[in-house]
Amino acid sequence: MQMLLRAENITKRLEDEAIPVTLVKNANVEINAGEYVAIKGPSGSGKSSLLYLLGLLDRPSAGKIFYNDQDISALSSNKLAKLRLEQMGFVFQFHFLLPEFTALENVMIPMRKLEKLSDSDIKKQAKERLTELGLEDHVHKLPSQLSGGQRQRVAIARALANNPKLILADEPTGNLDTQSSETVQDILQNLVKTHGCSVVVVTHDTEFAQRCDRIITIVDGEIV
Ligand SMILES: Nc1ncnc2c1ncn2[C@@H]1O[C@H](COP(=O)(O)OP(=O)(O)OP(=O)(O)O)[C@@H](O)[C@H]1O
Ligand SMILES: [Mg+2]
């Protein structure tokens, strides 16, 4: 299997605090293409910190991260932002949709930033994404006019906007009712099949984690 991302002995320390804290300690993680991986652990164990490192949203204090065999430590923040925009999609516990934009416009934003498609193609592709997630009747609604589960599906559509190779999700069902949570879990599991992308999901939910190909457990910042 082809390796997509490899974190080698990464540590994240916050040095500026009165008492320095270690959020992630000597973690080794490999994510293969098409793999569905869960990160599990108690509250405060460092799951989000690890996910942010893997998603190149944060830089490790020590250790290296390779994306497609490229060492990304040397990349500038601009280059990292471009890599994320082209290759990665993020879903969080709270949807972070822009409230003044419709579902469709929210999904179009990352495509516009990428500047690879014409505006009409962007609109077409954004509609396809939303339709794929069962939201074809809601494209012109504002986030405030959608249910929590629908908003989270829009957020997933937005994460998929630029055909990412990797989706990173931090407690994507943490704020949802059981039914919507099931739907979101089904969608994430299917992405591996339908989009061929790898999915890394942080969750407290044991049943959710067990649906993944592999579970990474983290306790006190260390993978166990
Ligand atoms: N900016 C910060 N300053 C100080 N401590 C921090 C900071 N960010 C995180 N921490 C601490 O680092 C630890 C790991 O945090 P992190 O958010 O990664 O945990 P988590 O496993 O995602 O927790 P949860 O399940 O509650 O979301 C926690 O003890 C947290 O309090
Ligand atoms: Mg967290």
# chains A, B, ... in the order shown; residues from 1 in each chain; ligands from 1

call {"tool": "residues_around", "arguments": {"residues": "stretch 65-76 of chain A", "least_positions_apart": "4", "cutoff": "7 Å", "atoms": "only C-alpha atoms", "output": "list in words"}}
result
Met3, Leu4, Leu5, Arg6, Ala7, Glu8 and Leu80 of chain A

call {"tool": "residues_near_ligand", "arguments": {"ligand": "ligand 2", "cutoff": "8 Å", "atoms": "only C-alpha atoms and all ligand atoms", "output": "VMD selection string"}}
result
chain A and resid 43 to 44 46 to 49 170 to 171 202

call {"tool": "residues_near_ligand", "arguments": {"ligand": "ligand 1", "cutoff": "12 Å", "atoms": "only C-alpha atoms and all ligand atoms", "output": "JSON, numbers by chain"}}
result
{"A": [12, 13, 14, 15, 16, 17, 18, 19, 20, 21, 22, 23, 24, 25, 39, 40, 41, 42, 43, 44, 45, 46, 47, 48, 49, 50, 51, 52, 53, 58, 92, 93, 169, 170, 171, 172, 174, 201, 202, 203, 204, 205, 217, 218, 219, 220, 221, 222, 223]}

call {"tool": "select_by_dssp", "arguments": {"residues": "stretch 63-203 of chain A", "states": "helix (DSSP H, G or I)", "output": "PDB file with N, CA and C atoms, in the first residue's frame"}}
result
ATOM      1  N   ILE A  72       8.137  17.899   5.012  1.00  0.00           N
ATOM      2  CA  ILE A  72       7.454  19.198   4.939  1.00  0.00           C
ATOM      3  C   ILE A  72       8.001  20.209   5.959  1.00  0.00           C
ATOM      4  N   SER A  73       8.952  19.784   6.793  1.00  0.00           N
ATOM      5  CA  SER A  73       9.489  20.707   7.816  1.00  0.00           C
ATOM      6  C   SER A  73      10.077  21.962   7.186  1.00  0.00           C
ATOM      7  N   ALA A  74      10.655  21.788   5.988  1.00  0.00           N
ATOM      8  CA  ALA A  74      11.360  22.894   5.364  1.00  0.00           C
ATOM      9  C   ALA A  74      10.423  23.856   4.631  1.00  0.00           C
ATOM     10  N   SER A  77       5.235  28.665   5.501  1.00  0.00           N
ATOM     11  CA  SER A  77       3.818  28.623   5.874  1.00  0.00           C
ATOM     12  C   SER A  77       2.912  28.759   4.648  1.00  0.00           C
ATOM     13  N   ASN A  78       3.347  29.563   3.684  1.00  0.00           N
ATOM     14  CA  ASN A  78       2.560  29.709   2.449  1.00  0.00           C
ATOM     15  C   ASN A  78       2.486  28.411   1.666  1.00  0.00           C
ATOM     16  N   LYS A  79       3.625  27.735   1.571  1.00  0.00           N
ATOM     17  CA  LYS A  79       3.668  26.456   0.843  1.00  0.00           C
ATOM     18  C   LYS A  79       2.804  25.421   1.556  1.00  0.00           C
ATOM     19  N   LEU A  80       2.861  25.438   2.886  1.00  0.00           N
ATOM     20  CA  LEU A  80       2.031  24.503   3.661  1.00  0.00           C
ATOM     21  C   LEU A  80       0.550  24.775   3.425  1.00  0.00           C
ATOM     22  N   ALA A  81       0.199  26.059   3.385  1.00  0.00           N
ATOM     23  CA  ALA A  81      -1.200  26.425   3.167  1.00  0.00           C
ATOM     24  C   ALA A  81      -1.661  25.932   1.794  1.00  0.00           C
ATOM     25  N   LYS A  82      -0.782  26.038   0.804  1.00  0.00           N
ATOM     26  CA  LYS A  82      -1.116  25.593  -0.549  1.00  0.00           C
ATOM     27  C   LYS A  82      -1.293  24.069  -0.574  1.00  0.00           C
ATOM     28  N   LEU A  83      -0.374  23.388   0.102  1.00  0.00           N
ATOM     29  CA  LEU A  83      -0.462  21.921   0.180  1.00  0.00           C
ATOM     30  C   LEU A  83      -1.776  21.492   0.835  1.00  0.00           C
ATOM     31  N   ARG A  84      -2.134  22.172   1.917  1.00  0.00           N
ATOM     32  CA  ARG A  84      -3.401  21.842   2.591  1.00  0.00           C
ATOM     33  C   ARG A  84      -4.592  22.093   1.675  1.00  0.00           C
ATOM     34  N   LEU A  85      -4.571  23.226   0.993  1.00  0.00           N
ATOM     35  CA  LEU A  85      -5.685  23.585   0.119  1.00  0.00           C
ATOM     36  C   LEU A  85      -5.855  22.564  -1.007  1.00  0.00           C
ATOM     37  N   GLU A  86      -4.745  22.079  -1.540  1.00  0.00           N
ATOM     38  CA  GLU A  86      -4.800  21.153  -2.674  1.00  0.00           C
ATOM     39  C   GLU A  86      -5.060  19.716  -2.259  1.00  0.00           C
ATOM     40  N   GLN A  87      -4.549  19.337  -1.096  1.00  0.00           N
ATOM     41  CA  GLN A  87      -4.479  17.914  -0.765  1.00  0.00           C
ATOM     42  C   GLN A  87      -5.331  17.488   0.422  1.00  0.00           C
ATOM     43  N   ALA A 103     -25.065  27.347   1.582  1.00  0.00           N
ATOM     44  CA  ALA A 103     -24.350  26.067   1.559  1.00  0.00           C
ATOM     45  C   ALA A 103     -23.468  25.996   0.318  1.00  0.00           C
ATOM     46  N   LEU A 104     -24.067  26.321  -0.829  1.00  0.00           N
ATOM     47  CA  LEU A 104     -23.336  26.260  -2.099  1.00  0.00           C
ATOM     48  C   LEU A 104     -22.103  27.162  -2.072  1.00  0.00           C
ATOM     49  N   GLU A 105     -22.297  28.399  -1.624  1.00  0.00           N
ATOM     50  CA  GLU A 105     -21.178  29.350  -1.603  1.00  0.00           C
ATOM     51  C   GLU A 105     -20.073  28.887  -0.649  1.00  0.00           C
ATOM     52  N   ASN A 106     -20.482  28.295   0.478  1.00  0.00           N
ATOM     53  CA  ASN A 106     -19.482  27.788   1.415  1.00  0.00           C
ATOM     54  C   ASN A 106     -18.610  26.705   0.774  1.00  0.00           C
ATOM     55  N   VAL A 107     -19.243  25.834  -0.012  1.00  0.00           N
ATOM     56  CA  VAL A 107     -18.484  24.757  -0.662  1.00  0.00           C
ATOM     57  C   VAL A 107     -17.610  25.325  -1.788  1.00  0.00           C
ATOM     58  N   MET A 108     -18.052  26.436  -2.371  1.00  0.00           N
ATOM     59  CA  MET A 108     -17.286  27.030  -3.478  1.00  0.00           C
ATOM     60  C   MET A 108     -16.009  27.738  -3.001  1.00  0.00           C
ATOM     61  N   ILE A 109     -15.992  28.146  -1.731  1.00  0.00           N
ATOM     62  CA  ILE A 109     -14.874  28.968  -1.238  1.00  0.00           C
ATOM     63  C   ILE A 109     -13.490  28.319  -1.465  1.00  0.00           C
ATOM     64  N   PRO A 110     -13.294  27.064  -1.012  1.00  0.00           N
ATOM     65  CA  PRO A 110     -11.952  26.483  -1.232  1.00  0.00           C
ATOM     66  C   PRO A 110     -11.608  26.318  -2.712  1.00  0.00           C
ATOM     67  N   MET A 111     -12.622  26.100  -3.547  1.00  0.00           N
ATOM     68  CA  MET A 111     -12.371  25.958  -4.990  1.00  0.00           C
ATOM     69  C   MET A 111     -11.937  27.291  -5.583  1.00  0.00           C
ATOM     70  N   ARG A 112     -12.573  28.362  -5.117  1.00  0.00           N
ATOM     71  CA  ARG A 112     -12.197  29.697  -5.608  1.00  0.00           C
ATOM     72  C   ARG A 112     -10.774  30.037  -5.190  1.00  0.00           C
ATOM     73  N   LYS A 113     -10.446  29.661  -3.940  1.00  0.00           N
ATOM     74  CA  LYS A 113      -9.093  29.930  -3.444  1.00  0.00           C
ATOM     75  C   LYS A 113      -8.047  29.214  -4.281  1.00  0.00           C
ATOM     76  N   LEU A 114      -8.391  28.011  -4.728  1.00  0.00           N
ATOM     77  CA  LEU A 114      -7.446  27.200  -5.501  1.00  0.00           C
ATOM     78  C   LEU A 114      -7.221  27.774  -6.898  1.00  0.00           C
ATOM     79  N   ASP A 119     -15.612  29.863 -12.793  1.00  0.00           N
ATOM     80  CA  ASP A 119     -16.655  30.005 -11.794  1.00  0.00           C
ATOM     81  C   ASP A 119     -17.849  29.084 -12.070  1.00  0.00           C
ATOM     82  N   SER A 120     -18.162  28.872 -13.360  1.00  0.00           N
ATOM     83  CA  SER A 120     -19.309  28.002 -13.662  1.00  0.00           C
ATOM     84  C   SER A 120     -18.983  26.539 -13.327  1.00  0.00           C
ATOM     85  N   ASP A 121     -17.739  26.131 -13.578  1.00  0.00           N
ATOM     86  CA  ASP A 121     -17.338  24.764 -13.204  1.00  0.00           C
ATOM     87  C   ASP A 121     -17.317  24.592 -11.684  1.00  0.00           C
ATOM     88  N   ILE A 122     -16.883  25.643 -11.005  1.00  0.00           N
ATOM     89  CA  ILE A 122     -16.855  25.605  -9.544  1.00  0.00           C
ATOM     90  C   ILE A 122     -18.261  25.400  -9.003  1.00  0.00           C
ATOM     91  N   LYS A 123     -19.197  26.148  -9.544  1.00  0.00           N
ATOM     92  CA  LYS A 123     -20.590  26.047  -9.098  1.00  0.00           C
ATOM     93  C   LYS A 123     -21.122  24.639  -9.370  1.00  0.00           C
ATOM     94  N   LYS A 124     -20.817  24.124 -10.544  1.00  0.00           N
ATOM     95  CA  LYS A 124     -21.289  22.791 -10.950  1.00  0.00           C
ATOM     96  C   LYS A 124     -20.732  21.727 -10.003  1.00  0.00           C
ATOM     97  N   GLN A 125     -19.437  21.820  -9.757  1.00  0.00           N
ATOM     98  CA  GLN A 125     -18.788  20.816  -8.906  1.00  0.00           C
ATOM     99  C   GLN A 125     -19.270  20.911  -7.454  1.00  0.00           C
ATOM    100  N   ALA A 126     -19.482  22.143  -6.985  1.00  0.00           N
ATOM    101  CA  ALA A 126     -19.966  22.332  -5.613  1.00  0.00           C
ATOM    102  C   ALA A 126     -21.366  21.730  -5.471  1.00  0.00           C
ATOM    103  N   LYS A 127     -22.205  21.913  -6.492  1.00  0.00           N
ATOM    104  CA  LYS A 127     -23.555  21.324  -6.477  1.00  0.00           C
ATOM    105  C   LYS A 127     -23.467  19.804  -6.441  1.00  0.00           C
ATOM    106  N   GLU A 128     -22.536  19.252  -7.211  1.00  0.00           N
ATOM    107  CA  GLU A 128     -22.349  17.789  -7.228  1.00  0.00           C
ATOM    108  C   GLU A 128     -21.974  17.267  -5.844  1.00  0.00           C
ATOM    109  N   ARG A 129     -21.059  17.979  -5.202  1.00  0.00           N
ATOM    110  CA  ARG A 129     -20.631  17.576  -3.855  1.00  0.00           C
ATOM    111  C   ARG A 129     -21.821  17.546  -2.896  1.00  0.00           C
ATOM    112  N   LEU A 130     -22.617  18.614  -2.952  1.00  0.00           N
ATOM    113  CA  LEU A 130     -23.765  18.710  -2.038  1.00  0.00           C
ATOM    114  C   LEU A 130     -24.817  17.651  -2.366  1.00  0.00           C
ATOM    115  N   THR A 131     -25.005  17.373  -3.637  1.00  0.00           N
ATOM    116  CA  THR A 131     -25.971  16.355  -4.056  1.00  0.00           C
ATOM    117  C   THR A 131     -25.532  14.976  -3.572  1.00  0.00           C
ATOM    118  N   GLU A 132     -24.238  14.736  -3.717  1.00  0.00           N
ATOM    119  CA  GLU A 132     -23.650  13.474  -3.276  1.00  0.00           C
ATOM    120  C   GLU A 132     -23.928  13.245  -1.782  1.00  0.00           C
ATOM    121  N   PRO A 143     -26.494  28.539   6.567  1.00  0.00           N
ATOM    122  CA  PRO A 143     -26.265  27.577   7.646  1.00  0.00           C
ATOM    123  C   PRO A 143     -27.342  27.628   8.729  1.00  0.00           C
ATOM    124  N   SER A 144     -27.820  28.846   9.051  1.00  0.00           N
ATOM    125  CA  SER A 144     -28.829  28.986  10.113  1.00  0.00           C
ATOM    126  C   SER A 144     -30.163  28.336   9.736  1.00  0.00           C
ATOM    127  N   GLN A 145     -30.347  28.054   8.435  1.00  0.00           N
ATOM    128  CA  GLN A 145     -31.604  27.426   7.988  1.00  0.00           C
ATOM    129  C   GLN A 145     -31.473  25.912   7.874  1.00  0.00           C
ATOM    130  N   GLY A 148     -28.328  20.632  12.429  1.00  0.00           N
ATOM    131  CA  GLY A 148     -26.928  20.369  12.775  1.00  0.00           C
ATOM    132  C   GLY A 148     -26.297  19.322  11.867  1.00  0.00           C
ATOM    133  N   GLY A 149     -27.043  18.267  11.598  1.00  0.00           N
ATOM    134  CA  GLY A 149     -26.525  17.193  10.736  1.00  0.00           C
ATOM    135  C   GLY A 149     -26.316  17.676   9.309  1.00  0.00           C
ATOM    136  N   GLN A 150     -27.254  18.502   8.832  1.00  0.00           N
ATOM    137  CA  GLN A 150     -27.112  19.044   7.469  1.00  0.00           C
ATOM    138  C   GLN A 150     -25.907  19.974   7.384  1.00  0.00           C
ATOM    139  N   ARG A 151     -25.724  20.792   8.408  1.00  0.00           N
ATOM    140  CA  ARG A 151     -24.566  21.705   8.420  1.00  0.00           C
ATOM    141  C   ARG A 151     -23.266  20.904   8.367  1.00  0.00           C
ATOM    142  N   GLN A 152     -23.241  19.823   9.144  1.00  0.00           N
ATOM    143  CA  GLN A 152     -22.015  19.030   9.157  1.00  0.00           C
ATOM    144  C   GLN A 152     -21.786  18.378   7.790  1.00  0.00           C
ATOM    145  N   ARG A 153     -22.871  18.024   7.103  1.00  0.00           N
ATOM    146  CA  ARG A 153     -22.711  17.465   5.758  1.00  0.00           C
ATOM    147  C   ARG A 153     -22.202  18.527   4.785  1.00  0.00           C
ATOM    148  N   VAL A 154     -22.654  19.770   4.964  1.00  0.00           N
ATOM    149  CA  VAL A 154     -22.114  20.858   4.132  1.00  0.00           C
ATOM    150  C   VAL A 154     -20.613  21.008   4.416  1.00  0.00           C
ATOM    151  N   ALA A 155     -20.262  20.910   5.697  1.00  0.00           N
ATOM    152  CA  ALA A 155     -18.837  21.032   6.059  1.00  0.00           C
ATOM    153  C   ALA A 155     -18.023  19.909   5.411  1.00  0.00           C
ATOM    154  N   ILE A 156     -18.606  18.718   5.313  1.00  0.00           N
ATOM    155  CA  ILE A 156     -17.904  17.605   4.658  1.00  0.00           C
ATOM    156  C   ILE A 156     -17.793  17.878   3.159  1.00  0.00           C
ATOM    157  N   ALA A 157     -18.881  18.396   2.572  1.00  0.00           N
ATOM    158  CA  ALA A 157     -18.845  18.754   1.150  1.00  0.00           C
ATOM    159  C   ALA A 157     -17.747  19.789   0.895  1.00  0.00           C
ATOM    160  N   ARG A 158     -17.636  20.741   1.806  1.00  0.00           N
ATOM    161  CA  ARG A 158     -16.588  21.767   1.670  1.00  0.00           C
ATOM    162  C   ARG A 158     -15.198  21.143   1.802  1.00  0.00           C
ATOM    163  N   ALA A 159     -15.063  20.207   2.744  1.00  0.00           N
ATOM    164  CA  ALA A 159     -13.765  19.532   2.906  1.00  0.00           C
ATOM    165  C   ALA A 159     -13.388  18.754   1.647  1.00  0.00           C
ATOM    166  N   THR A 178     -28.001  11.116  17.497  1.00  0.00           N
ATOM    167  CA  THR A 178     -27.609   9.760  17.088  1.00  0.00           C
ATOM    168  C   THR A 178     -27.806   9.526  15.593  1.00  0.00           C
ATOM    169  N   GLN A 179     -28.958   9.933  15.084  1.00  0.00           N
ATOM    170  CA  GLN A 179     -29.274   9.687  13.670  1.00  0.00           C
ATOM    171  C   GLN A 179     -28.287  10.413  12.749  1.00  0.00           C
ATOM    172  N   SER A 180     -28.057  11.699  13.015  1.00  0.00           N
ATOM    173  CA  SER A 180     -27.125  12.482  12.184  1.00  0.00           C
ATOM    174  C   SER A 180     -25.711  11.947  12.321  1.00  0.00           C
ATOM    175  N   SER A 181     -25.381  11.497  13.524  1.00  0.00           N
ATOM    176  CA  SER A 181     -24.059  10.938  13.759  1.00  0.00           C
ATOM    177  C   SER A 181     -23.849   9.698  12.890  1.00  0.00           C
ATOM    178  N   GLU A 182     -24.867   8.828  12.837  1.00  0.00           N
ATOM    179  CA  GLU A 182     -24.804   7.627  11.986  1.00  0.00           C
ATOM    180  C   GLU A 182     -24.565   8.014  10.531  1.00  0.00           C
ATOM    181  N   THR A 183     -25.324   9.018  10.083  1.00  0.00           N
ATOM    182  CA  THR A 183     -25.212   9.460   8.688  1.00  0.00           C
ATOM    183  C   THR A 183     -23.794   9.945   8.393  1.00  0.00           C
ATOM    184  N   VAL A 184     -23.267  10.769   9.291  1.00  0.00           N
ATOM    185  CA  VAL A 184     -21.922  11.308   9.077  1.00  0.00           C
ATOM    186  C   VAL A 184     -20.878  10.175   9.096  1.00  0.00           C
ATOM    187  N   GLN A 185     -21.079   9.204   9.987  1.00  0.00           N
ATOM    188  CA  GLN A 185     -20.149   8.062  10.033  1.00  0.00           C
ATOM    189  C   GLN A 185     -20.195   7.270   8.726  1.00  0.00           C
ATOM    190  N   ASP A 186     -21.421   7.065   8.209  1.00  0.00           N
ATOM    191  CA  ASP A 186     -21.554   6.347   6.933  1.00  0.00           C
ATOM    192  C   ASP A 186     -20.842   7.112   5.819  1.00  0.00           C
ATOM    193  N   ILE A 187     -21.043   8.422   5.805  1.00  0.00           N
ATOM    194  CA  ILE A 187     -20.440   9.251   4.754  1.00  0.00           C
ATOM    195  C   ILE A 187     -18.916   9.149   4.808  1.00  0.00           C
ATOM    196  N   LEU A 188     -18.355   9.310   6.009  1.00  0.00           N
ATOM    197  CA  LEU A 188     -16.889   9.279   6.135  1.00  0.00           C
ATOM    198  C   LEU A 188     -16.337   7.921   5.707  1.00  0.00           C
ATOM    199  N   GLN A 189     -17.038   6.858   6.115  1.00  0.00           N
ATOM    200  CA  GLN A 189     -16.580   5.516   5.747  1.00  0.00           C
ATOM    201  C   GLN A 189     -16.624   5.329   4.229  1.00  0.00           C
ATOM    202  N   ASN A 190     -17.665   5.894   3.603  1.00  0.00           N
ATOM    203  CA  ASN A 190     -17.813   5.742   2.158  1.00  0.00           C
ATOM    204  C   ASN A 190     -16.810   6.555   1.358  1.00  0.00           C
ATOM    205  N   LEU A 191     -16.296   7.640   1.953  1.00  0.00           N
ATOM    206  CA  LEU A 191     -15.347   8.494   1.229  1.00  0.00           C
ATOM    207  C   LEU A 191     -14.133   7.705   0.782  1.00  0.00           C
ATOM    208  N   VAL A 192     -13.732   6.784   1.636  1.00  0.00           N
ATOM    209  CA  VAL A 192     -12.573   5.967   1.305  1.00  0.00           C
ATOM    210  C   VAL A 192     -12.869   5.191   0.020  1.00  0.00           C
ATOM    211  N   LYS A 193     -14.108   4.705  -0.102  1.00  0.00           N
ATOM    212  CA  LYS A 193     -14.489   3.939  -1.296  1.00  0.00           C
ATOM    213  C   LYS A 193     -14.769   4.843  -2.488  1.00  0.00           C
ATOM    214  N   THR A 194     -15.579   5.901  -2.258  1.00  0.00           N
ATOM    215  CA  THR A 194     -16.031   6.698  -3.397  1.00  0.00           C
ATOM    216  C   THR A 194     -14.988   7.704  -3.870  1.00  0.00           C
TER     217      THR A 194
END

call {"tool": "closest_residue", "arguments": {"among": "A:Glu35, A:Asn163, A:Ser147, A:Val199", "to": "A:His95", "atoms": "only C-alpha atoms"}}
result
A:Ser147

call {"tool": "residues_around", "arguments": {"residues": "A:Arg214", "least_positions_apart": "3", "cutoff": "10 Å", "atoms": "only C-alpha atoms", "output": "ChimeraX atom specification"}}
result
/A:31,35-39,200,209-211,217

call {"tool": "select_by_dssp", "arguments": {"residues": "stretch 31-203 of chain A", "states": "strand (DSSP E)", "output": "ChimeraX atom specification"}}
result
/A:31-32,36-40,62-67,70-71,88-91,166-170,198-202

call {"tool": "write_last_selection", "arguments": {"atoms": "C-alpha atoms", "output": "CSV table (one decimal), in the first residue's frame"}}
result
chain,number,residue,atom,x,y,z
A,31,ILE,CA,-1.3,6.9,7.1
A,32,ASN,CA,-1.6,4.9,3.9
A,36,TYR,CA,-9.5,4.9,7.4
A,37,VAL,CA,-7.9,5.6,10.7
A,38,ALA,CA,-9.3,6.6,14.1
A,39,ILE,CA,-7.5,8.5,16.9
A,40,LYS,CA,-9.0,7.7,20.2
A,62,ALA,CA,10.8,18.0,17.2
A,63,GLY,CA,10.5,15.2,14.7
A,64,LYS,CA,9.6,15.1,11.0
A,65,ILE,CA,6.5,14.8,8.9
A,66,PHE,CA,6.7,13.5,5.4
A,67,TYR,CA,3.8,14.0,3.0
A,70,GLN,CA,8.4,15.0,1.0
A,71,ASP,CA,9.8,16.3,4.2
A,88,MET,CA,-6.4,18.0,2.5
A,89,GLY,CA,-9.9,18.6,3.8
A,90,PHE,CA,-10.8,19.4,7.4
A,91,VAL,CA,-14.0,18.8,9.4
A,166,LEU,CA,-6.6,13.2,3.0
A,167,ILE,CA,-9.6,14.2,5.2
A,168,LEU,CA,-8.9,15.0,8.8
A,169,ALA,CA,-11.9,15.2,11.1
A,170,ASP,CA,-11.9,16.2,14.8
A,198,SER,CA,-7.6,8.6,3.4
A,199,VAL,CA,-9.6,9.6,6.4
A,200,VAL,CA,-8.3,10.3,9.9
A,201,VAL,CA,-10.9,10.9,12.5
A,202,VAL,CA,-10.7,11.8,16.1
